[in-house]
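Inspection log for the structure reproduced underneath, given as structure tokens.
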Amino acid sequence: MEGRSQRDSGTYRTKHYGVYVNGVRKPCRLLEVYYINRKPSSSPTSLLKRSTISPVHLRRASSTSKLPKSNDPETKSGGSDGGSDQKHERGSGKDVRGAPVSWMSFFLLFATGAGLVYYYDREKKRHIQDINTNSIAVKEGPSAGKAAIGRPFSLIRDDGKRVTEKDLMGKWTILYFGFTHCPDICPDELIKLSASIDKIKEESGVDVVPVFISVDPERDTVEQVHEYVKEFHPKLVGLTGSPEEIKSVARSYRVYYMKTEEEDSDYLVDHSIVMYLMSPEMSFVKFYGKNHDVDSLTDGVVKEIRQYRK
């Protein structure tokens, strides 16, 4: 059984507790509790004299009302003990929230970086592979089906005779479009073509006819073309014609050319740098660009000839 008394001094309240044992009231030890001053003060809250509760009734008192936090040195020391326990837990290797860097965050950072490096490396390799695949496709040209390249034409051969596409039937033919005043590209391509013709003969036993068609009809006369082609290969055939005839044959083979004005009324001609492989029926088979060398051009033509025979 419990009894209590209360008095109010105006500045603080003191509560006395007692316990009845066998009908006799006995005082109990006190536990300090702060109360808030009821009178106005310069500070928002003033802490005054502390009253007490018996440790026996601590559990009952805490269940009925919440006690304000104490600034007692013992309470602070208890908090410091709790802090030491937390420090001990941190030292034991456990992850503590609020730490600047933890093992888990370091691991996630490392995993993310490794994943990004792997992703970009894979994308780089795939991009390079796509470029190589596309370059090979452009390098070799189409190998299946019939493209709308080539049609009947009539031009003048370098010996002065007029010829048509029918005069070239019966043999494999490689056509190249250029002009005799070309400073470097045309000579290089014709030298490559001439060397390939001889190697194709050695490897396949097939005579391929090389043909040079001028895209500069104003300056490339029959005599000029004749003197030009005999410098490269004895089998190289030179063809020229009127501006309309050259325009027609170039359009049928999808060849681009344009005259470029220079000083002193001299000019160059920009044009496509392509060789066209034609079958014995003068049907388009494949084209070869400037990126082919003698060996690759030879291998490509020999491959087409062997497939044609099958």
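Identifiers in the structure tokens: chain A, B, ... in order shown; residue index from 1 per chain; ligand index from 1 in order shown.
The set of residues in stretch 111-257 of chain A assigned to strand (DSSP E) by DSSP, using only backbone atoms of this structure, is Ser154, Leu155, Ile156, Arg157, Arg162, Val163, Thr164, Trp172, Thr173, Ile174, Leu175, Tyr176, Phe177, Gly178, Val208, Val209, Pro210, Val211, Phe212, Ile213, Ser214, Val237, Gly238, Leu239, Thr240 and Tyr257 of chain A.
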Take the residues from that selection and put them in a file with N, CA, C and O atoms, as a compact mmCIF listing (two decimals), in the first residue's frame.
```
# COMPACT_ATOMS: atom_id res chain seq x y z
N SER A 154 28.02 2.43 -127.67
CA SER A 154 28.80 2.50 -128.91
C SER A 154 29.86 3.57 -128.73
O SER A 154 29.54 4.75 -128.55
N LEU A 155 31.15 3.16 -128.79
CA LEU A 155 32.28 4.06 -128.59
C LEU A 155 33.35 3.79 -129.64
O LEU A 155 33.27 2.82 -130.42
N ILE A 156 34.37 4.62 -129.64
CA ILE A 156 35.48 4.48 -130.60
C ILE A 156 36.68 3.90 -129.87
O ILE A 156 37.12 4.42 -128.85
N ARG A 157 37.20 2.80 -130.45
CA ARG A 157 38.38 2.16 -129.86
C ARG A 157 39.63 2.97 -130.20
O ARG A 157 39.63 3.81 -131.11
N ARG A 162 34.87 1.79 -134.45
CA ARG A 162 33.73 1.91 -133.54
C ARG A 162 33.34 0.51 -133.07
O ARG A 162 33.21 -0.41 -133.86
N VAL A 163 33.15 0.41 -131.78
CA VAL A 163 32.81 -0.88 -131.18
C VAL A 163 31.60 -0.71 -130.27
O VAL A 163 31.27 0.39 -129.84
N THR A 164 30.94 -1.84 -129.99
CA THR A 164 29.83 -1.87 -129.05
C THR A 164 30.13 -2.91 -127.96
O THR A 164 31.18 -3.58 -128.00
N TRP A 172 35.87 -12.56 -120.28
CA TRP A 172 35.73 -11.76 -119.06
C TRP A 172 36.36 -10.40 -119.30
O TRP A 172 37.42 -10.28 -119.93
N THR A 173 35.72 -9.34 -118.77
CA THR A 173 36.17 -7.97 -119.01
C THR A 173 36.18 -7.20 -117.70
O THR A 173 35.29 -7.37 -116.84
N ILE A 174 37.18 -6.34 -117.54
CA ILE A 174 37.23 -5.41 -116.41
C ILE A 174 37.27 -4.00 -116.98
O ILE A 174 38.18 -3.64 -117.74
N LEU A 175 36.26 -3.19 -116.62
CA LEU A 175 36.16 -1.82 -117.11
C LEU A 175 36.65 -0.85 -116.04
O LEU A 175 36.35 -1.01 -114.85
N TYR A 176 37.40 0.16 -116.52
CA TYR A 176 37.84 1.24 -115.61
C TYR A 176 37.62 2.57 -116.31
O TYR A 176 38.01 2.76 -117.48
N PHE A 177 37.02 3.55 -115.59
CA PHE A 177 36.74 4.87 -116.13
C PHE A 177 37.78 5.86 -115.57
O PHE A 177 37.97 5.94 -114.35
N GLY A 178 38.41 6.65 -116.49
CA GLY A 178 39.40 7.63 -116.06
C GLY A 178 39.67 8.63 -117.17
O GLY A 178 38.88 8.78 -118.11
N VAL A 208 41.53 -12.22 -119.29
CA VAL A 208 40.61 -11.15 -118.95
C VAL A 208 41.01 -9.91 -119.74
O VAL A 208 42.19 -9.54 -119.79
N VAL A 209 40.03 -9.27 -120.37
CA VAL A 209 40.29 -8.09 -121.19
C VAL A 209 40.15 -6.83 -120.35
O VAL A 209 39.06 -6.55 -119.83
N PRO A 210 41.24 -6.06 -120.18
CA PRO A 210 41.14 -4.78 -119.46
C PRO A 210 40.72 -3.67 -120.43
O PRO A 210 41.26 -3.56 -121.54
N VAL A 211 39.76 -2.82 -119.98
CA VAL A 211 39.24 -1.76 -120.84
C VAL A 211 39.29 -0.44 -120.09
O VAL A 211 38.83 -0.35 -118.94
N PHE A 212 39.85 0.58 -120.76
CA PHE A 212 39.90 1.94 -120.21
C PHE A 212 38.93 2.80 -120.99
O PHE A 212 39.01 2.90 -122.22
N ILE A 213 37.96 3.45 -120.28
CA ILE A 213 36.98 4.32 -120.91
C ILE A 213 37.21 5.74 -120.42
O ILE A 213 37.18 5.99 -119.21
N SER A 214 37.44 6.68 -121.33
CA SER A 214 37.74 8.06 -120.96
C SER A 214 36.47 8.79 -120.54
O SER A 214 35.40 8.62 -121.12
N VAL A 237 42.59 -2.06 -123.67
CA VAL A 237 41.82 -1.44 -124.73
C VAL A 237 41.35 -0.07 -124.26
O VAL A 237 40.81 0.07 -123.16
N GLY A 238 41.55 0.97 -125.11
CA GLY A 238 41.11 2.31 -124.80
C GLY A 238 39.88 2.70 -125.60
O GLY A 238 39.83 2.46 -126.81
N LEU A 239 38.89 3.30 -124.94
CA LEU A 239 37.66 3.72 -125.60
C LEU A 239 37.39 5.19 -125.28
O LEU A 239 37.60 5.64 -124.16
N THR A 240 36.92 5.92 -126.30
CA THR A 240 36.51 7.30 -126.14
C THR A 240 35.31 7.55 -127.04
O THR A 240 34.83 6.64 -127.72
N TYR A 257 31.37 11.68 -112.70
CA TYR A 257 32.53 12.46 -113.14
C TYR A 257 32.12 13.91 -113.31
O TYR A 257 30.99 14.22 -113.67
```
Might you pull out every residue within 8 Å of A:Val301, with only C-alpha atoms counted and same-chain residues fewer than 3 positions away left off, and present them as a PDB file with N, CA and C atoms, in the first residue's frame?
```
ATOM      1  N   ILE A 200      45.868 -13.285-112.896  1.00  0.00           N
ATOM      2  CA  ILE A 200      44.623 -14.034-113.119  1.00  0.00           C
ATOM      3  C   ILE A 200      44.849 -15.110-114.181  1.00  0.00           C
ATOM      4  N   LEU A 277      33.791  -5.813-112.949  1.00  0.00           N
ATOM      5  CA  LEU A 277      34.009  -7.131-113.533  1.00  0.00           C
ATOM      6  C   LEU A 277      32.745  -7.539-114.282  1.00  0.00           C
ATOM      7  N   LEU A 297      42.575  -8.097-105.600  1.00  0.00           N
ATOM      8  CA  LEU A 297      41.831  -7.991-106.858  1.00  0.00           C
ATOM      9  C   LEU A 297      41.918  -9.296-107.636  1.00  0.00           C
ATOM     10  N   THR A 298      43.114  -9.875-107.672  1.00  0.00           N
ATOM     11  CA  THR A 298      43.296 -11.149-108.369  1.00  0.00           C
ATOM     12  C   THR A 298      42.469 -12.254-107.727  1.00  0.00           C
ATOM     13  N   GLU A 304      35.318 -15.404-108.568  1.00  0.00           N
ATOM     14  CA  GLU A 304      34.109 -15.236-109.365  1.00  0.00           C
ATOM     15  C   GLU A 304      34.135 -16.114-110.610  1.00  0.00           C
ATOM     16  N   ILE A 305      35.295 -16.219-111.222  1.00  0.00           N
ATOM     17  CA  ILE A 305      35.415 -17.064-112.416  1.00  0.00           C
ATOM     18  C   ILE A 305      35.134 -18.533-112.061  1.00  0.00           C
TER      19      ILE A 305
END
```
Would you pick out the contacts of A:Ile149 at 7 Å or less, using only C-alpha atoms, so that residues sharing its chain but fewer than 2 positions from it are not included, and give the list as a PDB file with C-alpha atoms, in the first residue's frame?
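Output file part-v7.pdb follows:
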```pdb
ATOM      1  CA  ALA A 147      22.385  -5.200-110.545  1.00  0.00           C
ATOM      2  CA  ARG A 151      23.625  -1.416-121.048  1.00  0.00           C
ATOM      3  CA  SER A 252      24.613   3.249-117.353  1.00  0.00           C
ATOM      4  CA  TYR A 253      27.535   2.105-115.154  1.00  0.00           C
ATOM      5  CA  ARG A 254      26.674   4.518-112.322  1.00  0.00           C
ATOM      6  CA  PHE A 284      27.741  -7.083-114.273  1.00  0.00           C
TER       7      PHE A 284
END
```
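Computed from the coordinates, the atom CA of A:Val285 to atom CA of A:Tyr308 distance equals 9.7 Å.
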Counting only C-alpha atoms, which residue out of A:Glu203, A:Asp220, A:Asp299, A:Asp266 sits closest to A:Asp158? A:Asp220
Looking only at helix (DSSP H, G or I) from DSSP on the backbone, list the matching residues of stretch 88-297 of chain A as a PyMOL selection string. chain A and resi 88-91+103-140+165-168+185-204+222-229+243-252+263-265+294-297
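Our summary of the geometry notes that atom CA of A:Met258 is positioned 9.2 Å from atom CA of A:Asp216.
In this model, the gap between atom CA of A:Phe153 and atom CA of A:Lys166 comes to 9.0 Å.
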